[in-house]
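Enquirer: I have a structure here, written as C-alpha cells, and I will follow up with some questions on it.
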Amino acid sequence: MDVAHHMSRVPDYTAFPTVDQMHAELDDLAAAHPELVRLRRIGTSRLGEPLRVATIGSGPHDAVIIGGPHPNEPIGALTVSTLLRRLVEDTALREDFGYRWHLIPCVDPDGARLNEGWYTRPSDRRAYAEHFYRPAEADQVEWTFPLTGEDYFFDRTLPETEALMRLMDEVEPAFVYSLHNGELQGAFYYLSKDDPALAARLVAVATAEGLPLHMGPPEVPSAVPIGPAAYMTPRGAKLAATYGIGGGSVDYADRFDALHLVTELPYWADPRVADQTPTDQPYGDAIQANLAAQRALIAELARSLASVRADLTVHSPFRRALEDFVDSHDEFIGEWDDFPGTDRPATVAEVVGNRQLVHSIRLRYCGTYLRMLDAELGAGNQTPAIRAERARLGARFDEWFAEAEAEAEGTPIPLRSLVAVQLGAALLAAESAKRAALS
C-alpha cells in the first residue's frame, strides 16, 4: 500500500462543504458511476434530513467511515469525498485492497447546518467561535450508543445513532473510522486495540504533513497512552457514567471485533503543543489554573442565565447546549482534580495545552450564549434583560477573543494537509484490520 501516493493526490480545498453540497456530490458521483457507487438512505435525522451512505468496493472486508460525528468537526466530510473519489479513480485500491467501503460524509446534518456560517472561513477563529455549535451531550451522535451493563444502562439512542447501528449490524465491519478534529491541541489518535506499531505509523503520517503532535494534557484524564500522541480509545460504562453519556461508536464496533480508529486533528498549528521542554511551573498548578478558569466561566454564564431565564421563549438548540454545559461541565472536568503525578514540572506543551483549552471553552460557549440571545432577539423578544445581557456578553466575548489572540501562535493548517492525514490513517488502519482478520 503506497499511502504517500494516495495522500499526494488530495486536492487543495479552501472551504468545508455545506450539507447541501455534500448531498449534491453524492448524487453526482452515483449518477456518473452507477456501476461503482451505490447510494442509499440508511435513516433520517431528528429534523427530517436523509442520512445516506455511499458504498463502493468489492470486499470481502467491510469498513464504515463516519464523517461529522460532531458538527463542528467537518474535516471528515472532505476526507470522505477524497476517499470516495480515489476509490472511483483507482481500480487497484477499489478492487484489490479487499474492502467494501461504506462512507457517510456527515452523520449529524442538523447540527452541521448550524455551523455552516464558518465552513466557508475555516481559518477565521472569530468566525468559528461566532458560528460555533456543538450539541448537548445527550444530543451527540458519537456518544449515544446503547450500553446495557448491570451497573450502568443507557438506551436513549438518537435516530442518527440508530442508523449507524443498523449499518454496522448489516455489514459487520472489520474497520470503523470516526473522523474527528479539534482546534489547537495538535494531532493525536485513539485506537481500540493496543497496537504500538500501528500507532507509530499513524503518528508518522501526521508529522510527514507537518502537523504538530499533541503532547500536552490528554483529552480524557483516564486515557491510556499507546505511544506518543496515541491512546487506547476510552469506552464502556465507567466512562459513560462519569460523563452522563451513552457508549461511543467504539463500543458498538467492539461487537464485531472491529478495529476502531479516531483521528483528532487541529485547525491551527502551534508548535508549542509538541514541546516537551520542562518549565518552572508545576504541572498541578497548570491544571488547577485551567480548572479555575473553566469554573469561573461556568459561574459567570450561570449568573447571566439566571438574569434572563424568565424572559427566554425560544427553545433553540443553542439554549439546550448552553444549559447542558452550565449544568454538567463542572462534573465533566472534576476528574482532573485528582490527576496523578502533578508535582513534577509541567512541559511547555502541558502549560500551553491547558491555557489553550481555557480560550477554546470560553469562546465556544460565550459564542453559543450569544447565538441563543440572538435567536430571542430575532424572534422579537426584546426584553430589557435580554438586550442588556446581549450587550454585556458581546463585550465579554470581545475581551476573551482579544486575550486568546494575544496568546496565539498558531497558523491555519491547509485543509489539504488535514484531509491527507485522515486519508492516510484510514488506509493504514484498514490494512492493519485486514491483516488481523486474515490471521
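For the C-alpha cells, the naming scheme is as follows: chains receive sequential letters (A, B, ...) according to their order of presentation, residues are indexed from 1 within each chain, and ligands are indexed from 1 in presentation order.
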Going by DSSP on the backbone, which bits of segment 49-213 of chain A are strand (DSSP E or B)? Write them as a PyMOL selection string, please.
Expert: chain A and resi 50-57+61-66+99-104+145+147-148+153-154+175-181+187-191+213
Enquirer: Asp151 of chain A: which residues within 12 Å, counting only C-alpha atoms, same-chain residues fewer than 4 positions away excluded, as number ranges by chain?
Expert: A: 147, 236-241
Enquirer: Write the residues of the preceding selection, restricted to C-alpha atoms, as a PDB file, in the first residue's frame.
Expert:
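Result saved to out-v8.pdb:
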ATOM      1  CA  LEU A 147     -24.912   0.438  26.978  1.00  0.00           C
ATOM      2  CA  GLY A 236     -17.609   1.425  28.344  1.00  0.00           C
ATOM      3  CA  ALA A 237     -19.969   2.038  31.233  1.00  0.00           C
ATOM      4  CA  LYS A 238     -17.376   3.555  33.589  1.00  0.00           C
ATOM      5  CA  LEU A 239     -16.570   6.349  31.144  1.00  0.00           C
ATOM      6  CA  ALA A 240     -20.231   6.871  30.246  1.00  0.00           C
ATOM      7  CA  ALA A 241     -21.317   7.047  33.885  1.00  0.00           C
TER       8      ALA A 241
END
Enquirer: Enumerate, as a PyMOL selection string, the complete set of residues in segment 104-184 of chain A that a backbone-based DSSP assignment places in alpha helix (DSSP H).
Expert: chain A and resi 109-113+116-119+125-130+159-171
Enquirer: Write the residues of the preceding selection, restricted to C-alpha atoms, as a PDB file, in the first residue's frame.
Expert:
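Ended up saving to out_25.pdb:
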ATOM      1  CA  PRO A 109     -26.624  17.155   9.225  1.00  0.00           C
ATOM      2  CA  ASP A 110     -28.950  19.095  11.554  1.00  0.00           C
ATOM      3  CA  GLY A 111     -26.001  20.211  13.655  1.00  0.00           C
ATOM      4  CA  ALA A 112     -23.784  20.766  10.628  1.00  0.00           C
ATOM      5  CA  ARG A 113     -26.231  23.289   9.195  1.00  0.00           C
ATOM      6  CA  GLU A 116     -22.173  26.441   8.098  1.00  0.00           C
ATOM      7  CA  GLY A 117     -21.625  30.117   8.920  1.00  0.00           C
ATOM      8  CA  TRP A 118     -17.922  29.404   9.416  1.00  0.00           C
ATOM      9  CA  TYR A 119     -17.477  26.483   6.965  1.00  0.00           C
ATOM     10  CA  ARG A 125     -11.068  31.797  14.515  1.00  0.00           C
ATOM     11  CA  ARG A 126     -13.539  34.564  15.306  1.00  0.00           C
ATOM     12  CA  ALA A 127     -15.963  33.296  12.659  1.00  0.00           C
ATOM     13  CA  TYR A 128     -15.546  29.801  14.090  1.00  0.00           C
ATOM     14  CA  ALA A 129     -16.495  30.948  17.589  1.00  0.00           C
ATOM     15  CA  GLU A 130     -19.334  33.231  16.477  1.00  0.00           C
ATOM     16  CA  PRO A 159     -32.160   8.339  15.154  1.00  0.00           C
ATOM     17  CA  GLU A 160     -28.748   9.134  13.653  1.00  0.00           C
ATOM     18  CA  THR A 161     -27.044   6.736  16.071  1.00  0.00           C
ATOM     19  CA  GLU A 162     -29.591   4.047  15.267  1.00  0.00           C
ATOM     20  CA  ALA A 163     -28.853   4.471  11.561  1.00  0.00           C
ATOM     21  CA  LEU A 164     -25.170   3.782  12.235  1.00  0.00           C
ATOM     22  CA  MET A 165     -26.077   0.784  14.382  1.00  0.00           C
ATOM     23  CA  ARG A 166     -28.241  -0.688  11.617  1.00  0.00           C
ATOM     24  CA  LEU A 167     -25.446  -0.201   9.091  1.00  0.00           C
ATOM     25  CA  MET A 168     -22.891  -1.913  11.324  1.00  0.00           C
ATOM     26  CA  ASP A 169     -25.301  -4.741  12.104  1.00  0.00           C
ATOM     27  CA  GLU A 170     -25.778  -5.262   8.380  1.00  0.00           C
ATOM     28  CA  VAL A 171     -22.152  -5.241   7.236  1.00  0.00           C
TER      29      VAL A 171
END
Enquirer: Measuring atom to atom with only C-alpha atoms, identify which of A:Leu47, A:Ala63, A:Gly248, A:Val80 is nearest to Glu25 of chain A.
Expert: A:Val80
Enquirer: Tell me, as an MDAnalysis selection string, which residues lie within 9 Å of Pro271 of chain A, counting only C-alpha atoms; anything in the same chain fewer than 5 positions away does not count.
Expert: chainID A and resid 186 211:213 349 409:410
Enquirer: Can you tell me which residues surround Phe401 of chain A at a distance of at most 12 Å, considering only C-alpha atoms, apart from same-chain residues fewer than 6 positions away, and format the answer as a VMD selection string?
Expert: chain A and resid 124 to 130 356 358 to 364 366 to 367 393 to 395 407 to 408
